[in-house]
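Source file: upload15.txt. Holds: compact mmCIF, C-alpha atoms.
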# COMPACT_ATOMS: atom_id res chain seq x y z
CA MET A 1 119.43 93.44 111.57
CA TYR A 2 115.88 94.52 112.36
CA ALA A 3 113.08 92.12 111.44
CA VAL A 4 109.30 92.42 111.77
CA VAL A 5 107.58 89.05 112.03
CA ALA A 6 103.84 89.06 111.26
CA GLY A 7 102.00 86.11 112.76
CA GLY A 8 102.76 84.52 116.11
CA GLY A 9 101.67 80.96 115.47
CA LYS A 10 104.12 78.08 115.57
CA VAL A 11 106.01 79.24 112.51
CA GLY A 12 106.19 82.94 113.41
CA ALA A 13 107.08 82.34 117.07
CA ASN A 14 109.83 79.86 116.22
CA VAL A 15 111.28 82.17 113.58
CA ALA A 16 111.21 85.13 115.97
CA ARG A 17 112.89 83.08 118.68
CA SER A 18 115.58 81.90 116.26
CA LEU A 19 116.28 85.43 115.03
CA LEU A 20 116.57 86.71 118.60
CA ARG A 21 119.01 83.93 119.42
CA LEU A 22 121.15 85.04 116.51
CA GLY A 23 121.26 88.47 118.11
CA HIS A 24 118.87 90.28 115.79
CA GLU A 25 116.30 92.89 116.79
CA VAL A 26 112.78 91.53 116.33
CA THR A 27 109.19 92.67 116.68
CA LEU A 28 106.58 89.93 116.52
CA ILE A 29 102.95 90.81 115.74
CA GLU A 30 100.05 88.59 116.82
CA GLN A 31 96.37 89.36 116.56
CA ARG A 32 94.72 86.75 118.78
CA ARG A 33 94.53 87.71 122.43
CA ASP A 34 95.12 84.22 123.86
CA ARG A 35 98.17 83.66 121.72
CA PHE A 36 99.48 87.15 122.34
CA GLU A 37 99.29 86.71 126.12
CA ARG A 38 101.23 83.47 125.94
CA LEU A 39 103.83 85.03 123.65
CA GLU A 40 104.15 88.09 125.87
CA GLU A 41 105.43 85.93 128.71
CA GLU A 42 108.33 84.87 126.54
CA PHE A 43 108.92 87.80 124.20
CA GLU A 44 107.86 90.67 126.54
CA HIS A 45 108.04 94.04 124.73
CA GLN A 46 109.20 92.31 121.55
CA VAL A 47 105.69 91.13 120.75
CA GLN A 48 102.84 93.50 119.90
CA ARG A 49 99.17 92.76 119.58
CA GLY A 50 97.29 93.72 116.44
CA ASP A 51 96.26 92.90 112.89
CA ALA A 52 99.46 93.11 110.87
CA THR A 53 97.51 94.01 107.73
CA GLU A 54 96.56 97.32 109.35
CA LEU A 55 98.96 100.12 108.54
CA HIS A 56 98.99 101.62 112.03
CA VAL A 57 99.86 98.24 113.54
CA LEU A 58 102.77 97.81 111.14
CA GLU A 59 103.88 101.38 111.83
CA ARG A 60 103.82 100.79 115.57
CA ALA A 61 106.11 97.82 114.92
CA GLY A 62 108.49 100.15 113.08
CA VAL A 63 107.74 99.28 109.45
CA ALA A 64 108.54 102.85 108.45
CA ARG A 65 112.16 102.67 109.67
CA PRO A 66 112.10 100.47 107.45
CA PRO A 67 113.17 97.07 108.80
CA ASP A 68 115.81 95.06 106.94
CA LEU A 69 113.36 92.21 106.71
CA VAL A 70 109.63 91.62 107.00
CA LEU A 71 108.36 88.07 107.38
CA ALA A 72 104.70 87.49 106.52
CA LEU A 73 104.05 84.23 108.35
CA THR A 74 100.38 84.21 109.32
CA GLY A 75 98.13 81.25 108.62
CA ASP A 76 96.16 83.24 106.03
CA ASP A 77 97.56 83.58 102.55
CA GLU A 78 95.52 86.68 101.71
CA ASP A 79 96.88 88.36 104.84
CA ASN A 80 100.45 87.39 103.98
CA LEU A 81 99.99 88.74 100.46
CA VAL A 82 98.68 92.07 101.71
CA ILE A 83 101.38 92.39 104.40
CA ALA A 84 104.04 91.73 101.76
CA GLN A 85 102.56 94.26 99.32
CA ILE A 86 102.24 96.97 101.96
CA ALA A 87 105.74 96.38 103.35
CA LYS A 88 107.37 96.40 99.93
CA GLU A 89 105.43 98.99 98.08
CA LYS A 90 104.34 101.44 100.74
CA TYR A 91 107.28 101.34 103.11
CA GLY A 92 110.08 100.28 100.78
CA VAL A 93 111.12 97.23 102.79
CA GLU A 94 113.71 95.54 100.61
CA LYS A 95 113.41 91.97 101.78
CA VAL A 96 110.05 90.35 102.40
CA ILE A 97 109.65 86.61 102.86
CA SER A 98 106.12 85.21 102.76
CA ARG A 99 104.62 81.96 103.89
CA VAL A 100 102.23 80.20 101.52
CA ASN A 101 99.78 78.00 103.43
CA ASP A 102 97.75 76.56 100.57
CA PRO A 103 99.96 75.62 97.63
CA ARG A 104 97.12 76.50 95.27
CA ASN A 105 97.64 80.13 96.26
CA GLN A 106 101.26 80.13 95.07
CA ALA A 107 100.08 81.46 91.70
CA HIS A 108 98.65 84.57 93.39
CA PHE A 109 101.98 85.34 95.07
CA ASP A 110 103.77 84.88 91.75
CA LEU A 111 101.22 87.04 89.92
CA LEU A 112 101.67 89.89 92.38
CA GLY A 113 105.46 89.61 92.40
CA ILE A 114 105.71 88.50 96.01
CA ALA A 115 108.98 86.55 96.34
CA PRO A 116 110.58 84.71 97.93
CA THR A 117 107.87 82.47 99.34
CA VAL A 118 108.00 79.34 101.44
CA CYS A 119 105.32 76.66 101.30
CA ALA A 120 105.69 73.77 103.73
CA THR A 121 103.26 71.57 101.79
CA SER A 122 105.13 72.05 98.52
CA SER A 123 108.47 71.35 100.19
CA ILE A 124 107.15 68.19 101.77
CA MET A 125 105.61 67.03 98.50
CA ALA A 126 108.90 67.63 96.69
CA LEU A 127 110.63 65.46 99.28
CA VAL A 128 107.95 62.78 98.98
CA GLU A 129 108.46 62.78 95.23
CA HIS A 130 112.18 62.46 95.73
CA GLU A 131 112.02 59.72 98.34
CA VAL A 132 109.18 57.77 96.78
CA PRO A 133 109.60 58.38 93.08
CA GLU A 134 106.42 57.69 91.21
CA HIS A 135 107.61 59.63 88.24
CA ASP A 136 110.68 59.24 86.14
CA LEU A 137 111.34 62.96 86.31
CA ILE A 138 111.63 64.50 89.76
CA HIS A 139 111.32 68.22 90.42
CA LEU A 140 114.10 69.24 92.79
CA LEU A 141 113.98 73.00 92.71
CA GLU A 142 111.88 75.72 91.20
CA LEU A 143 113.68 78.97 90.44
CA ARG A 144 110.61 81.07 90.18
CA GLN A 145 112.16 84.43 89.45
CA GLU A 146 114.37 82.94 86.78
CA ASN A 147 111.47 80.88 85.38
CA LEU A 148 113.64 77.75 85.43
CA GLU A 149 113.50 74.47 87.25
CA ILE A 150 115.98 71.77 88.16
CA VAL A 151 114.92 68.15 87.71
CA GLU A 152 116.47 64.74 88.21
CA VAL A 153 116.15 61.93 85.69
CA GLN A 154 117.28 58.36 86.14
CA ILE A 155 118.72 56.73 83.02
CA ASP A 156 117.93 53.02 82.71
CA ARG A 157 118.93 50.23 80.33
CA ASP A 158 116.09 50.88 77.91
CA SER A 159 116.71 54.61 77.74
CA PRO A 160 117.68 55.75 74.25
CA SER A 161 120.28 58.07 75.79
CA ALA A 162 122.16 55.25 77.54
CA GLY A 163 125.58 54.85 75.90
CA LYS A 164 125.36 58.20 74.10
CA HIS A 165 127.51 61.28 74.50
CA ILE A 166 125.60 64.32 75.69
CA GLU A 167 126.65 66.31 72.61
CA ALA A 168 124.91 63.72 70.44
CA LEU A 169 121.57 64.15 72.22
CA ASP A 170 118.92 66.25 70.55
CA LEU A 171 118.11 68.25 73.69
CA PRO A 172 115.26 70.73 73.34
CA ASP A 173 115.93 74.47 73.43
CA GLY A 174 115.53 75.66 77.00
CA ALA A 175 116.94 72.49 78.57
CA ARG A 176 120.53 71.65 79.58
CA LEU A 177 122.06 68.82 81.54
CA ILE A 178 123.97 69.94 84.63
CA SER A 179 125.59 66.89 86.16
CA VAL A 180 125.74 63.14 86.08
CA MET A 181 125.82 61.09 89.28
CA ARG A 182 127.29 57.61 88.88
CA ALA A 183 128.20 55.19 91.67
CA GLY A 184 127.98 57.90 94.28
CA HIS A 185 130.11 60.45 92.42
CA ALA A 186 128.78 63.47 90.57
CA GLU A 187 130.48 65.10 87.62
CA ILE A 188 129.59 68.22 85.70
CA ALA A 189 127.89 67.23 82.46
CA VAL A 190 129.88 68.23 79.37
CA GLY A 191 129.47 67.40 75.72
CA SER A 192 131.81 64.43 75.89
CA THR A 193 130.14 62.88 78.96
CA GLN A 194 128.77 59.48 78.07
CA LEU A 195 125.53 58.51 79.75
CA GLU A 196 125.11 55.04 81.19
CA ALA A 197 122.27 53.04 82.64
CA GLY A 198 121.86 53.86 86.31
CA ASP A 199 123.07 57.46 85.94
CA GLN A 200 121.17 60.11 87.83
CA VAL A 201 121.17 63.19 85.67
CA LEU A 202 120.37 66.71 86.85
CA ALA A 203 118.91 69.03 84.25
CA ILE A 204 117.89 72.67 84.24
CA LEU A 205 114.98 73.62 82.03
CA GLU A 206 112.19 76.03 81.34
CA PRO A 207 108.87 74.85 82.80
CA GLY A 208 106.93 72.96 80.14
CA LYS A 209 109.98 71.34 78.55
CA GLU A 210 109.69 68.21 80.71
CA ASP A 211 108.03 66.06 78.06
CA GLU A 212 110.61 66.89 75.41
CA LEU A 213 113.44 66.17 77.83
CA ARG A 214 111.81 62.92 78.85
CA ARG A 215 111.52 61.91 75.20
CA VAL A 216 115.18 62.56 74.45
CA LEU A 217 116.53 60.89 77.58
CA LEU A 218 113.98 58.16 78.27
CA ARG A 219 111.67 57.94 75.22
CA ARG A 220 108.50 58.02 77.29
CA MET B 1 76.57 91.64 80.19
CA ASN B 2 78.04 89.25 82.74
CA ALA B 3 78.77 90.12 86.35
CA LEU B 4 80.63 87.92 88.81
CA ILE B 5 80.10 88.74 92.48
CA ILE B 6 82.29 87.20 95.17
CA GLY B 7 80.66 87.25 98.58
CA CYS B 8 76.93 86.91 99.14
CA GLY B 9 76.41 88.81 102.35
CA ARG B 10 74.07 91.78 102.69
CA VAL B 11 76.17 93.81 100.27
CA GLY B 12 76.99 91.19 97.64
CA SER B 13 73.46 89.79 97.51
CA SER B 14 71.88 93.23 97.14
CA ILE B 15 74.24 94.15 94.31
CA ALA B 16 73.43 90.82 92.65
CA ILE B 17 69.68 91.39 92.80
CA GLN B 18 70.04 94.99 91.65
CA LEU B 19 72.23 94.15 88.65
CA GLN B 20 70.01 91.27 87.65
CA GLN B 21 66.97 93.55 87.65
CA GLU B 22 68.92 95.85 85.34
CA GLY B 23 69.36 92.97 82.88
CA TRP B 24 72.80 91.61 83.78
CA ASP B 25 73.62 87.91 83.83
CA VAL B 26 74.87 87.48 87.38
CA THR B 27 76.90 84.70 89.02
CA VAL B 28 77.43 84.81 92.78
CA VAL B 29 80.11 82.91 94.71
CA ASP B 30 80.05 82.35 98.46
CA GLU B 31 81.75 79.89 100.80
CA ASN B 32 78.50 79.22 102.61
CA GLU B 33 75.64 77.60 100.72
CA ASP B 34 73.11 79.12 103.12
CA ALA B 35 73.98 82.51 101.65
CA LEU B 36 71.88 81.55 98.61
CA SER B 37 68.76 82.36 100.64
CA ARG B 38 69.80 86.03 100.66
CA LEU B 39 69.13 86.12 96.93
CA GLY B 40 65.44 85.44 97.51
CA ASP B 41 63.01 82.89 96.08
CA HIS B 42 63.08 84.26 92.57
CA TRP B 43 66.82 84.16 91.95
CA ALA B 44 67.39 83.20 88.33
CA GLY B 45 71.15 83.71 88.19
CA SER B 46 73.92 81.26 89.09
CA PHE B 47 75.19 80.56 92.58
CA ILE B 48 78.39 78.63 93.25
CA VAL B 49 79.70 77.48 96.62
CA GLY B 50 83.43 77.94 97.11
CA HIS B 51 86.26 80.33 97.92
CA GLY B 52 86.99 83.26 95.63
CA MET B 53 90.76 82.74 95.92
CA ASP B 54 90.35 79.42 94.09
CA VAL B 55 91.20 80.04 90.44
CA ASP B 56 89.51 76.86 89.22
CA LEU B 57 86.33 77.98 90.92
CA LEU B 58 86.60 81.45 89.39
CA ARG B 59 86.88 79.83 85.97
CA GLU B 60 83.88 77.63 86.70
CA ALA B 61 82.02 80.78 87.71
CA GLY B 62 82.78 82.22 84.28
CA ILE B 63 85.36 84.87 85.18
CA GLU B 64 86.85 84.63 81.70
CA GLU B 65 83.59 85.89 80.20
CA ALA B 66 82.82 88.41 82.94
CA ASP B 67 82.44 92.09 82.07
CA ALA B 68 82.52 93.07 85.73
CA VAL B 69 83.88 91.45 88.88
CA ILE B 70 82.79 92.63 92.32
CA ALA B 71 84.74 91.44 95.38
CA ALA B 72 82.45 91.93 98.36
CA THR B 73 83.34 89.29 100.94
CA ASP B 74 83.67 90.27 104.59
CA GLY B 75 87.47 90.10 104.35
CA ASP B 76 89.33 93.17 103.10
CA ASN B 77 92.43 91.19 102.26
CA THR B 78 90.48 88.49 100.46
CA ASN B 79 88.79 91.19 98.39
CA VAL B 80 91.99 92.97 97.37
CA VAL B 81 93.65 89.70 96.39
CA ILE B 82 90.65 88.53 94.35
CA GLY B 83 90.41 92.00 92.78
CA GLN B 84 94.05 91.95 91.72
CA VAL B 85 93.75 88.41 90.36
CA ALA B 86 90.70 89.44 88.31
CA GLN B 87 92.51 92.51 87.02
CA LYS B 88 95.97 91.11 86.35
CA ARG B 89 95.39 87.46 85.59
CA PHE B 90 92.03 87.58 83.85
CA ASP B 91 92.34 91.09 82.45
CA ILE B 92 88.88 92.19 83.57
CA GLY B 93 88.40 95.88 82.85
CA CYS B 94 85.75 96.55 85.50
CA VAL B 95 86.85 95.26 88.90
CA VAL B 96 85.27 96.76 92.00
CA VAL B 97 86.51 95.87 95.46
CA ARG B 98 85.04 96.51 98.88
CA VAL B 99 87.58 97.47 101.55
CA LEU B 100 86.35 98.50 104.99
CA ASP B 101 89.68 99.77 106.34
CA PRO B 102 90.22 103.32 105.00
CA ALA B 103 94.03 103.08 105.22
CA ARG B 104 94.22 99.91 103.16
CA ALA B 105 91.61 101.34 100.79
CA ASP B 106 93.88 104.34 100.05
CA PHE B 107 96.87 102.08 99.48
CA TYR B 108 95.06 99.98 96.91
CA VAL B 109 93.48 103.00 95.19
CA ASP B 110 97.04 104.24 94.63
CA ARG B 111 97.86 100.87 93.10
CA GLY B 112 95.09 101.16 90.52
CA LEU B 113 92.25 99.16 92.05
CA ARG B 114 88.73 100.54 92.01
CA VAL B 115 88.04 100.46 95.72
CA VAL B 116 84.83 101.32 97.51
CA CYS B 117 85.29 102.03 101.22
CA PRO B 118 81.93 101.98 103.05
CA THR B 119 83.63 103.15 106.26
CA LYS B 120 84.82 106.34 104.59
CA THR B 121 81.41 106.90 103.04
CA ALA B 122 79.81 106.45 106.46
CA ILE B 123 82.27 108.87 108.08
CA ASP B 124 81.62 111.53 105.44
CA THR B 125 77.85 111.05 105.48
CA LEU B 126 77.57 111.05 109.27
CA THR B 127 79.80 114.09 109.60
CA GLU B 128 77.76 115.91 106.97
CA ALA B 129 74.52 114.89 108.73
CA VAL B 130 75.78 116.38 111.98
CA ARG B 131 76.80 119.59 110.24
CA SER B 132 73.37 119.94 108.67
CA CYS B 133 71.50 119.62 111.98
CA GLN B 134 69.71 122.76 113.03
CA ILE B 135 71.06 123.17 116.54
CA PRO B 136 69.82 126.25 118.42
CA SER B 137 72.82 128.43 119.03
CA ALA B 138 72.04 128.74 122.76
CA LYS B 139 72.68 125.01 123.21
CA VAL B 140 76.04 125.09 121.49
CA VAL B 141 77.42 127.74 123.80
CA THR B 142 78.43 126.28 127.12

Could you take the file, read its structure, and then write that structure out as structure tokens?
Amino acid sequence: MYAVVAGGGKVGANVARSLLRLGHEVTLIEQRRDRFERLEEEFEHQVQRGDATELHVLERAGVARPPDLVLALTGDDEDNLVIAQIAKEKYGVEKVISRVNDPRNQAHFDLLGIAPTVCATSSIMALVEHEVPEHDLIHLLELRQENLEIVEVQIDRDSPSAGKHIEALDLPDGARLISVMRAGHAEIAVGSTQLEAGDQVLAILEPGKEDELRRVLLRR
Amino acid sequence: MNALIIGCGRVGSSIAIQLQQEGWDVTVVDENEDALSRLGDHWAGSFIVGHGMDVDLLREAGIEEADAVIAATDGDNTNVVIGQVAQKRFDIGCVVVRVLDPARADFYVDRGLRVVCPTKTAIDTLTEAVRSCQIPSAKVVT
């Protein structure tokens, strides 16, 4: 596989190194001279110096071949957005993965159809939410392209759903229960599954249905 | 009519003053509060400190009521992202974007942005200026 990695900071350099170790062909692009010189000692001809949002720099790195994969991993979200747009739409690169630095910019990537994206801050916050639950409904996974999300809900003694069969719950449209975890064992949720206090329930739902789901399962 | 200008450098501030003199209600956004001084002592429009990629700030700056949005920061990529957000998310009909790099300018023109490329204008104007010089023919021949 041939991959172009834009951005030679910690993320880009580590990704490039990992891809090379897996035996892939890689070109890393870094703009800053000091960083480039350090990278050159390790990556030799596999790192090029330049602004990866400039077409001639991308072309020198072989974007017109086109590569199997372009990774937009700079520390600037606007640069990553532009790199992704150029790679996809001008050079027909099929797979582009972009880094989102500021989670508030995620909406811009979504708006411009840049997917998949990876945001370290969002991932860490999702883990924090999972490890230190402040909310009764925890977001586990966002399926952006599908416009769905997977959440976890803990059923407790006061929950109106405790003791009920799933088929008897008045679940909102656009929300389904996936599985029920009880005493360390998970089972696929079916109509006849009876919920109990202490169950951890996974649900898939359209964004915005959280409150309705919460009401049915937890009455909150 | 309302104009929202992102970037208050030499270009953004001059457009702001010009449009205001023509009767527009103008709001200017810049990351640096010192940029306000570029608008002069008699600036009667709004000035907001912040980054143009910030959607909450764009709302505060009145993008939803804007008739025109001008992205004129010193970053080409910032401008094309703000321009596309104004066009696609806020449905602004008149979005004008400054892009210095001619290659990127062409790419975004093809994608439906109204791009102004000062570098291209300079190249054309300078080339034309050279062509129009009256150079004695004796000097041209080596």

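From CA of His51 in chain B back to CA of Ile6 in chain B, the distance works out to 8.4 Å.
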
Could you please tell me, as a ChimeraX atom specification, which residues of chain A have an atom within 9 Å of chain B when using only C-alpha atoms? /A:53-56,77-79,81-82,86,90,104-105,108,111-112

What are the centre and the three edge lengths of an axis-aligned box that wraps all atoms of range 86-105 of chain B in the file, given that 8 Å is added to every side, written as AutoDock Vina command-line options and rounded to one decimal in Å?
--center_x 90.5 --center_y 95.4 --center_z 94.4 --size_x 26.9 --size_y 31.9 --size_z 39.9

- Query: A:Ala84, A:Gln154, A:Ala183, A:Gly62: which is nearest Ala115 in chain A, counting all atoms listed in the file?
  - Reply: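 Going through A:Ala84, A:Gln154, A:Ala183, A:Gly62 one by one, the smallest distance to Ala115 in chain A is for A:Ala84.
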
inquiry  = So that I can see what lies close to Gln46 in chain A, please list as a PyMOL selection string the residues with an atom at most 8 Å from it, counting all atoms listed in the file and leaving out residues fewer than 4 positions away in the same chain.
reply    = chain A and resi 26-28+40

Kindly export the residues of the current selection with C-alpha atoms, as a CSV table (one decimal), keeping the file's coordinate frame.
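What ended up in result_7.csv:
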chain,number,residue,atom,x,y,z
A,26,VAL,CA,112.8,91.5,116.3
A,27,THR,CA,109.2,92.7,116.7
A,28,LEU,CA,106.6,89.9,116.5
A,40,GLU,CA,104.2,88.1,125.9

* What is the CA of Ala87 in chain A-CA of Ile92 in chain B distance in Å, reported with one decimal? ->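 That distance, rounded to one decimal, is 26.3 Å.
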
Margin query: Just checking: using all atoms listed in the file, which residue out of A:Leu73, A:Leu205, A:Leu217, A:Val128 ends up closest to Ala162 in chain A?
Written below: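 Closest to Ala162 in chain A, using all atoms listed in the file: A:Leu217.
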
Using all atoms listed in the file for the distances, tell me which of A:Val4, A:Ala61, A:Leu202, A:Ile188 is nearest to His139 in chain A.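 So, comparing all the options, the nearest one is A:Leu202.
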
Contacts of range 22-36 of chain B within 7 Å, all atoms listed in the file, excl. fewer than 2 positions in-chain, as a compact mmCIF listing (two decimals) with C-alpha atoms, in the frame of the given file:
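Done, and the output landed in result38.txt:
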# COMPACT_ATOMS: atom_id res chain seq x y z
CA MET B 1 76.57 91.64 80.19
CA ASN B 2 78.04 89.25 82.74
CA ALA B 3 78.77 90.12 86.35
CA LEU B 4 80.63 87.92 88.81
CA ILE B 5 80.10 88.74 92.48
CA ILE B 6 82.29 87.20 95.17
CA GLY B 7 80.66 87.25 98.58
CA CYS B 8 76.93 86.91 99.14
CA GLY B 9 76.41 88.81 102.35
CA ALA B 16 73.43 90.82 92.65
CA GLN B 18 70.04 94.99 91.65
CA LEU B 19 72.23 94.15 88.65
CA GLN B 20 70.01 91.27 87.65
CA ARG B 38 69.80 86.03 100.66
CA LEU B 39 69.13 86.12 96.93
CA GLY B 45 71.15 83.71 88.19
CA SER B 46 73.92 81.26 89.09
CA PHE B 47 75.19 80.56 92.58
CA ILE B 48 78.39 78.63 93.25
CA VAL B 49 79.70 77.48 96.62
CA GLY B 50 83.43 77.94 97.11
CA HIS B 51 86.26 80.33 97.92
CA GLY B 52 86.99 83.26 95.63
CA ALA B 61 82.02 80.78 87.71

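Here CA of Gly50 in chain A is placed at a distance of 11.4 Å from CA of Arg35 in chain A.
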
* Mind checking which residues fall within 8 Å of His24 in chain A, counting all atoms listed in the file, ignoring those fewer than 5 positions away in the same chain, and posting them as a PyMOL selection string? => chain A and resi 1-3+19

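Look at Thr193 in chain A: the protein and nucleic acid residues within 10 Å of it, using only C-alpha atoms and passing over chain neighbours fewer than 5 places away, are Gly163, Lys164, His165, Ile166, Glu167, Ser179, Val180, Glu187 and Ile188 of chain A.
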
Dump C-alpha atoms for the selected residues as an mmCIF file, in the frame of the given file?
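Listing of selection27.cif after writing:
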data_model
loop_
_atom_site.group_PDB
_atom_site.id
_atom_site.type_symbol
_atom_site.label_atom_id
_atom_site.label_comp_id
_atom_site.auth_asym_id
_atom_site.auth_seq_id
_atom_site.Cartn_x
_atom_site.Cartn_y
_atom_site.Cartn_z
ATOM 1 C CA GLY A 163 125.580 54.850 75.900
ATOM 2 C CA LYS A 164 125.360 58.200 74.100
ATOM 3 C CA HIS A 165 127.510 61.280 74.500
ATOM 4 C CA ILE A 166 125.600 64.320 75.690
ATOM 5 C CA GLU A 167 126.650 66.310 72.610
ATOM 6 C CA SER A 179 125.590 66.890 86.160
ATOM 7 C CA VAL A 180 125.740 63.140 86.080
ATOM 8 C CA GLU A 187 130.480 65.100 87.620
ATOM 9 C CA ILE A 188 129.590 68.220 85.700
#
